[in-house]
Structures are given as C-alpha cells and as structure tokens.
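**Student:** After the structure tokens below, expect a handful of questions from me.
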Amino acid sequence: MVGKDVIRRRRQRAASYNWDEDRLSDLTDDLLLDILRRVDTRTALGAAALSSRWASLPRELPALDLKVTDMLPPRYHRLHLLRHNARESKISSTLPDRWRLDDITGRYERHAMRAMVRSVKGLLASGAHRRVERLSLEVFAYDTSACINRLVVDAVDSWGVRDLEVVATPTGPFVFPDPPPYSFPYGLISRNPDESRLRSLKLANCLLPPLQGFTALTTIVLRDLPDTTPAATYEGVVAACPQLQIRELLLDGRFMVVELRSLPKLESLTSLRAGVVLRSVATAPCLARVSLAFSVGRLEGDSFAATHRRHRDSLIRMLVEFFQAALSVKDLVLRFTGPDMWIAPKNPFSATMPNLRRLLVADVPSSWDVSWPRLLIVAAPLLESLADRKLLSAITGRYERHAM
C-alpha cells in the first residue's frame, strides 16, 4: 500500500506540473553566462538560436575555444589508432588496409574541417561587437581556409584578444612521417599590430608570422616545430620584440645550436638535444634552473662511429663553456644517455658551481660508470640533495670502498 501511495502522489505532481513553463529563462544573465562558460564554445554559440535573449549572451563570453577535434565522431579516434598501428607495421600485406584507413580517416577529417569552417563563417557573418580576452583555435595542419586567418585577424584587431593560441594538429593523408607546419594563409595575424592588445601568443606546429610592432606582447610559446627549423627563426623573435622579458626558455631540436646573448630575466632553461652557447655570466645572471638532455650514438664498432665521436667532442666543448658561465644555477637536471659512456673524456664540470643546491641525474644507462656524477658533487660545495637513489647508493658505495 505504501508503494502505491508514493506512485499516486508522483503522478499527481506530474499532472499538476506546467511543462510549458520556461524556468531557465527566469535565471539572471550572470547565471546563464556561467552556464555557457561551462560548455564548449560550439554549444555556447548554438545557444544563440534559442531566443532573442539568448542571442546576445554568447557575445559576452570572455573566451572562445574552437577545436576541430570536437567535431570528430568517436569512431574516428578508433580508426586513427588502427591507422597508426598499421603504419608501424612492416608487413607488406597491410598496405591495402592502410590505404583504406587513410581514405576513411581523411574523409572524417575533411568533414570536420568543413564543419569548423562553417562555424567560423557564421561567427564572422554575425557582425556582432565582441570583447574577447582569449581565443584558442585547433585546426588540421594541411588546412588552407582563409576564414581561419580572418578570424585570427579580426580577433586581434577588433575583439581586443589578449591571449591567442593556435594549434595545428599534424594529421591527414601525408606521405612523409613529418608533415609541414601550418602556415597562415595571409602570413600575418594583425593588420595593425601597434594597436593590438595581444600579450600572449602560443603556436604549436605553426610557422611564425611577422611580430614587428606588437608592443604589448610579453609571452611567446613556440612548440612542435620541425627539427630543421633554423636558429635564426628563434633569434628573430627576440629581435622583433625587444620588450620580451624571457623568463623560461625551452629548446628542442637535434640540429639546432642557439647562442644566448642577452637574457637578463631568464630564470629557467631546458634543452632537449639542442646545443646552447652561453658566453659569459652576464648573459643570463638570473638563471637558476637548468635541464639538459643529450644522447650520443655508439662510439666504436658502428658505421657512424666517427660521426658520433665528433658529436661527442662538440657536446663536451659546449658543456665546458656552458658550465663556466652558468655560475648562478641552483637546480640542475641532467639526462645523458647512449650505448657508450661519452661524458668521461674531458670533465665539463671542472668549473666550480658555487650556487648549485639540487641535482637530478636521470636515466643513467646501466652500462655507464658512476664516476662522472661525482665530478659534479666535487664541483658543488653547497649541494643539498641528489635526487637519484640508485645513483646515490652507487656513489656512496664507491666512496666507502676508497675510504677502506
């Protein structure tokens, strides 16, 4: 009987409820905007079609995130994984399967890119006055749609965007493993850079547009560029924007050597395979955190052994010069790898490192001798911590054997 009473009361409440009542519209604009901020940009822009009141709300959104991957169905991601696994396969019989997967995933990518282009065109055709603080775009690297560039230019010039991010996803029907980076169709991101409010620019797998005249720009992040990107590209960034106060610098590229000339605010430096030339202590007087990762191939018994030995010698010379000028470093992370121990021929840590407090030596090959980290410990009289338990125990054991 109790269960029947509960069901009867629920039916009575449902019968008395006014289903035509729009309670969502009774909310204040601030609450509605808070709801729109919690959904993706495509859904928020689509809400403008609900009513005349909702039409004006998306214009107040402080940030726009338009991602082409949001328009791809779940099946695409499964096929993309299958395509990747098929490409890694060396079996010739999988070639027809790979071609078919390329066709299917390519079709999904083209449909998603067309859908994004339609959304961007609708956004531009509205002609609404906007004030956007942040714009984030994700496109496929092979796209050449002019409306994407127009959106960027309008956002920087008319909407007053302060933070701009453009990510070019390197996918699509490419023959070579490394597709070319994305190039802005008009080669620029603003018609009046001296009047823009742009302060932060983040580009992933994108060719760098001209940056002369962006006086408000203080932060630049460049990532996923090809290894063959010349060092002059990065040097040109600093030359074009003298107001930049570079505090963090990450370099990644096997064929790149960058000379640091005058970075008075630089605090953190990370180099992944890229050569770094530091001429003097005055070049980066505030440098406190350094992370270096280098690897050298087999030094003997290999057809490229002579090339690897020359690479080793150049690395040793670079490291010697670097640590002679990096006297302000407090935190140091080193990841030196390779089939043969290549750091031993000449001690790059011969200079005293008076401010070094914390040291992390990562991924030491099991075939290497642990004598070279001892050179660092001797060169750092104020060292407080060595963050590698296995290495620390090996060094401690070696010291105990020498003491005996």
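Here's how to read the names in the structure tokens: chain A, B, ... by the order shown, residue numbers from 1 in each chain, ligand numbers from 1 in the order shown.
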Just want the 9 Å neighbourhood of A:Tyr182, counted on only C-alpha atoms, with same-chain residues fewer than 5 positions away dropped. Output as a PyMOL selection string.
**Tutor:** chain A and resi 139-144+167-170+204-207
**Student:** Could you give me, as a PyMOL selection string, the residues within 12 Å of A:Arg150, counting only C-alpha atoms and dropping anything in the same chain fewer than 2 positions from it?
**Tutor:** chain A and resi 117+120-121+123-125+144-148+152-158+184-191
**Student:** With N, CA and C atoms kept, could you save the residues just selected as a tab-separated table (two decimals), in the first residue's frame?
**Tutor:**
chain	number	residue	atom	x	y	z
A	117	VAL	N	34.82	25.26	-40.48
A	117	VAL	CA	34.83	26.45	-41.35
A	117	VAL	C	33.45	27.09	-41.39
A	120	VAL	N	32.99	29.00	-38.18
A	120	VAL	CA	33.78	30.24	-38.18
A	120	VAL	C	33.14	31.28	-39.08
A	121	LYS	N	32.66	30.85	-40.26
A	121	LYS	CA	31.99	31.80	-41.16
A	121	LYS	C	30.74	32.37	-40.52
A	123	LEU	N	30.26	32.73	-37.34
A	123	LEU	CA	30.72	33.63	-36.29
A	123	LEU	C	31.13	34.97	-36.86
A	124	LEU	N	31.79	34.97	-38.02
A	124	LEU	CA	32.23	36.21	-38.65
A	124	LEU	C	31.06	36.95	-39.30
A	125	ALA	N	30.08	36.22	-39.85
A	125	ALA	CA	28.96	36.85	-40.54
A	125	ALA	C	28.00	37.54	-39.59
A	144	THR	N	43.94	25.21	-45.44
A	144	THR	CA	44.33	26.50	-46.03
A	144	THR	C	43.13	27.44	-46.12
A	145	SER	N	42.14	27.27	-45.24
A	145	SER	CA	40.94	28.10	-45.29
A	145	SER	C	41.26	29.53	-44.88
A	146	ALA	N	40.92	30.47	-45.74
A	146	ALA	CA	41.21	31.87	-45.46
A	146	ALA	C	40.39	32.40	-44.29
A	147	CYS	N	39.22	31.81	-44.04
A	147	CYS	CA	38.38	32.35	-42.97
A	147	CYS	C	39.00	32.12	-41.60
A	148	ILE	N	39.83	31.09	-41.46
A	148	ILE	CA	40.51	30.86	-40.18
A	148	ILE	C	41.47	32.02	-39.91
A	152	VAL	N	41.40	35.06	-36.92
A	152	VAL	CA	42.52	35.46	-36.07
A	152	VAL	C	42.76	36.96	-36.18
A	153	VAL	N	42.75	37.48	-37.40
A	153	VAL	CA	43.00	38.91	-37.60
A	153	VAL	C	41.90	39.75	-36.94
A	154	ASP	N	40.63	39.36	-37.14
A	154	ASP	CA	39.54	40.11	-36.52
A	154	ASP	C	39.61	40.05	-35.01
A	155	ALA	N	39.97	38.89	-34.47
A	155	ALA	CA	40.06	38.75	-33.02
A	155	ALA	C	41.14	39.64	-32.45
A	156	VAL	N	42.28	39.72	-33.12
A	156	VAL	CA	43.38	40.55	-32.62
A	156	VAL	C	43.10	42.03	-32.81
A	157	ASP	N	42.54	42.39	-33.98
A	157	ASP	CA	42.36	43.82	-34.30
A	157	ASP	C	41.06	44.39	-33.73
A	158	SER	N	39.95	43.64	-33.83
A	158	SER	CA	38.64	44.20	-33.49
A	158	SER	C	38.12	43.75	-32.13
A	184	PHE	N	49.92	30.40	-41.91
A	184	PHE	CA	48.76	31.28	-42.01
A	184	PHE	C	48.59	31.73	-43.47
A	185	PRO	N	47.37	31.58	-44.01
A	185	PRO	CA	47.17	31.87	-45.44
A	185	PRO	C	47.65	33.25	-45.86
A	186	TYR	N	47.47	34.27	-45.01
A	186	TYR	CA	47.92	35.62	-45.36
A	186	TYR	C	49.27	35.96	-44.73
A	187	GLY	N	49.80	35.04	-43.96
A	187	GLY	CA	51.11	35.25	-43.39
A	187	GLY	C	51.16	36.27	-42.27
A	188	LEU	N	50.01	36.69	-41.73
A	188	LEU	CA	50.00	37.66	-40.64
A	188	LEU	C	48.83	37.37	-39.72
A	189	ILE	N	48.88	37.95	-38.52
A	189	ILE	CA	47.82	37.78	-37.54
A	189	ILE	C	47.20	39.12	-37.14
A	190	SER	N	47.66	40.19	-37.73
A	190	SER	CA	47.09	41.51	-37.43
A	190	SER	C	47.47	42.49	-38.53
A	191	ARG	N	46.51	43.38	-38.86
A	191	ARG	CA	46.81	44.45	-39.83
A	191	ARG	C	47.40	45.67	-39.14
**Student:** Please list as a list in words every residue within 8 Å of A:Thr229, counting only C-alpha atoms and excluding residues in the same chain fewer than 4 positions away.
**Tutor:**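 Neighbouring residues, sequence-local ones excluded: Leu225, Thr233 and Met256 of chain A.
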**Student:** Take the residues that were just selected and, keeping all heavy atoms, output them as a compact mmCIF listing (two decimals), in the first residue's frame.
**Tutor:**
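Result saved to part.txt:
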# COMPACT_ATOMS: atom_id res chain seq x y z
N LEU A 225 57.72 22.56 -33.52
CA LEU A 225 58.27 22.95 -34.82
C LEU A 225 59.24 21.86 -35.30
O LEU A 225 59.81 21.13 -34.49
CB LEU A 225 58.99 24.29 -34.72
CG LEU A 225 58.10 25.53 -34.62
CD1 LEU A 225 58.95 26.77 -34.38
CD2 LEU A 225 57.26 25.71 -35.87
N THR A 233 65.29 31.68 -36.76
CA THR A 233 63.86 31.90 -36.51
C THR A 233 63.63 32.34 -35.07
O THR A 233 62.87 33.27 -34.81
CB THR A 233 63.07 30.62 -36.81
OG1 THR A 233 63.26 30.27 -38.18
CG2 THR A 233 61.59 30.81 -36.53
N MET A 256 70.04 21.98 -33.98
CA MET A 256 69.94 23.39 -33.65
C MET A 256 70.97 23.76 -32.59
O MET A 256 71.14 23.05 -31.60
CB MET A 256 68.53 23.71 -33.15
CG MET A 256 68.29 25.17 -32.80
SD MET A 256 66.52 25.49 -32.51
CE MET A 256 66.22 24.40 -31.12
**Student:** Can you check which residues of stretch 183-285 of chain A DSSP gives as helix (DSSP H, G or I) on the backbone and send them as a ChimeraX atom specification?
**Tutor:** /A:193-195,231-240,281-283
**Student:** Write a file of the selected residues as an mmCIF file, in the first residue's frame, keeping C-alpha atoms.
**Tutor:**
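Saved as part_30.cif:
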data_model
loop_
_atom_site.group_PDB
_atom_site.id
_atom_site.type_symbol
_atom_site.label_atom_id
_atom_site.label_comp_id
_atom_site.auth_asym_id
_atom_site.auth_seq_id
_atom_site.Cartn_x
_atom_site.Cartn_y
_atom_site.Cartn_z
ATOM 1 C CA PRO A 193 49.990 45.248 -34.669
ATOM 2 C CA ASP A 194 50.994 48.506 -32.964
ATOM 3 C CA GLU A 195 47.364 48.993 -31.841
ATOM 4 C CA ALA A 231 68.081 29.033 -35.133
ATOM 5 C CA ALA A 232 67.626 32.387 -36.897
ATOM 6 C CA THR A 233 63.861 31.897 -36.514
ATOM 7 C CA TYR A 234 64.113 31.972 -32.738
ATOM 8 C CA GLU A 235 66.688 34.751 -32.732
ATOM 9 C CA GLY A 236 64.357 36.795 -34.948
ATOM 10 C CA VAL A 237 61.625 36.572 -32.305
ATOM 11 C CA VAL A 238 63.813 38.287 -29.744
ATOM 12 C CA ALA A 239 64.965 40.866 -32.299
ATOM 13 C CA ALA A 240 61.386 41.681 -33.377
ATOM 14 C CA VAL A 281 77.887 35.035 -16.620
ATOM 15 C CA ALA A 282 76.412 38.396 -17.646
ATOM 16 C CA THR A 283 74.410 36.748 -20.431
#
**Student:** For A:Glu248, list every protein, DNA or RNA residue within 9 Å, evaluated using only C-alpha atoms, and leave out those in the same chain fewer than 5 positions away; present the list as a PDB file with C-alpha atoms, in the first residue's frame.
**Tutor:**
ATOM      1  CA  LYS A 265      65.404  37.955 -16.891  1.00  0.00           C
ATOM      2  CA  LEU A 266      65.941  34.307 -17.875  1.00  0.00           C
ATOM      3  CA  GLU A 267      65.311  32.028 -14.876  1.00  0.00           C
ATOM      4  CA  SER A 268      64.701  28.589 -16.397  1.00  0.00           C
ATOM      5  CA  LEU A 269      66.396  26.891 -19.366  1.00  0.00           C
ATOM      6  CA  THR A 270      65.519  23.480 -20.823  1.00  0.00           C
TER       7      THR A 270
END
**Student:** Restricting the calculation to only C-alpha atoms, which member of A:Leu332, A:Asn192, A:Leu201, A:Arg357 is positioned closest to A:Gly213?
**Tutor:**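 The closest residue to A:Gly213 is A:Asn192.
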**Student:** Which is closer to A:Met341 than all the others in A:Pro354, A:Gly160, A:Pro365, A:Pro373, using only C-alpha atoms?
**Tutor:**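 Of the candidates, the smallest distance to A:Met341 is held by A:Pro365.
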**Student:** List as a list of chain:residue names the protein and nucleic acid residues near A:Arg131, meaning an atom at most 12 Å away when only C-alpha atoms are counted, but skip any in the same chain fewer than 3 places from it.
**Tutor:**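 Neighbouring residues, sequence-local ones excluded: A:Pro58, A:Arg59, A:Glu60, A:Leu61, A:Pro62, A:Ala63, A:Leu64, A:Ala128, A:Arg134, A:Leu135, A:Asp154, A:Ala155, A:Val156, A:Asp157, A:Ser158, A:Trp159, A:Gly160, A:Val161, A:Arg162, A:Arg197.
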**Student:** Counting only C-alpha atoms, which residues in stretch 239-340 of chain A sit no more than 12 Å from stretch 378-382 of chain A? For each one, give the nearest pair of atoms and the distance in Å, sorted by chain then residue number, as JSON lines.
**Tutor:**
{"residue": "A:Phe323", "atom": "CA", "partner": "A:Ala379", "partner_atom": "CA", "distance": 10.5}
{"residue": "A:Gln324", "atom": "CA", "partner": "A:Ala379", "partner_atom": "CA", "distance": 11.3}
{"residue": "A:Leu327", "atom": "CA", "partner": "A:Ala380", "partner_atom": "CA", "distance": 10.3}
{"residue": "A:Ser328", "atom": "CA", "partner": "A:Ala380", "partner_atom": "CA", "distance": 11.7}
{"residue": "A:Val329", "atom": "CA", "partner": "A:Ala380", "partner_atom": "CA", "distance": 10.5}
{"residue": "A:Lys330", "atom": "CA", "partner": "A:Leu382", "partner_atom": "CA", "distance": 9.6}
{"residue": "A:Asp331", "atom": "CA", "partner": "A:Ala380", "partner_atom": "CA", "distance": 11.3}
{"residue": "A:Leu332", "atom": "CA", "partner": "A:Ala380", "partner_atom": "CA", "distance": 11.0}
**Student:** Could you turn the residues from that selection into a file that holds C-alpha atoms, as a PDB file, in the first residue's frame?
**Tutor:**
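Output contents, as saved in selection.pdb:
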ATOM      1  CA  PHE A 323      79.091  25.483 -17.065  1.00  0.00           C
ATOM      2  CA  GLN A 324      81.898  28.032 -16.903  1.00  0.00           C
ATOM      3  CA  LEU A 327      77.500  30.037 -12.074  1.00  0.00           C
ATOM      4  CA  SER A 328      74.076  31.181 -10.841  1.00  0.00           C
ATOM      5  CA  VAL A 329      72.376  27.786 -11.351  1.00  0.00           C
ATOM      6  CA  LYS A 330      70.695  26.354  -8.235  1.00  0.00           C
ATOM      7  CA  ASP A 331      68.708  23.431  -9.705  1.00  0.00           C
ATOM      8  CA  LEU A 332      70.266  21.175 -12.331  1.00  0.00           C
TER       9      LEU A 332
END
**Student:** I'd like the neighbourhood of A:Thr69 as a list in words, where a residue qualifies if any of its atoms comes within 10 Å (using only C-alpha atoms), though same-chain residues fewer than 3 positions away should be ignored.
**Tutor:**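 The contact residues come out as Leu66, Leu72, Pro73, Tyr76, His77, Glu109, Ala112, Met113, Met116, Glu138, Val139, Phe140 and Thr169 of chain A.
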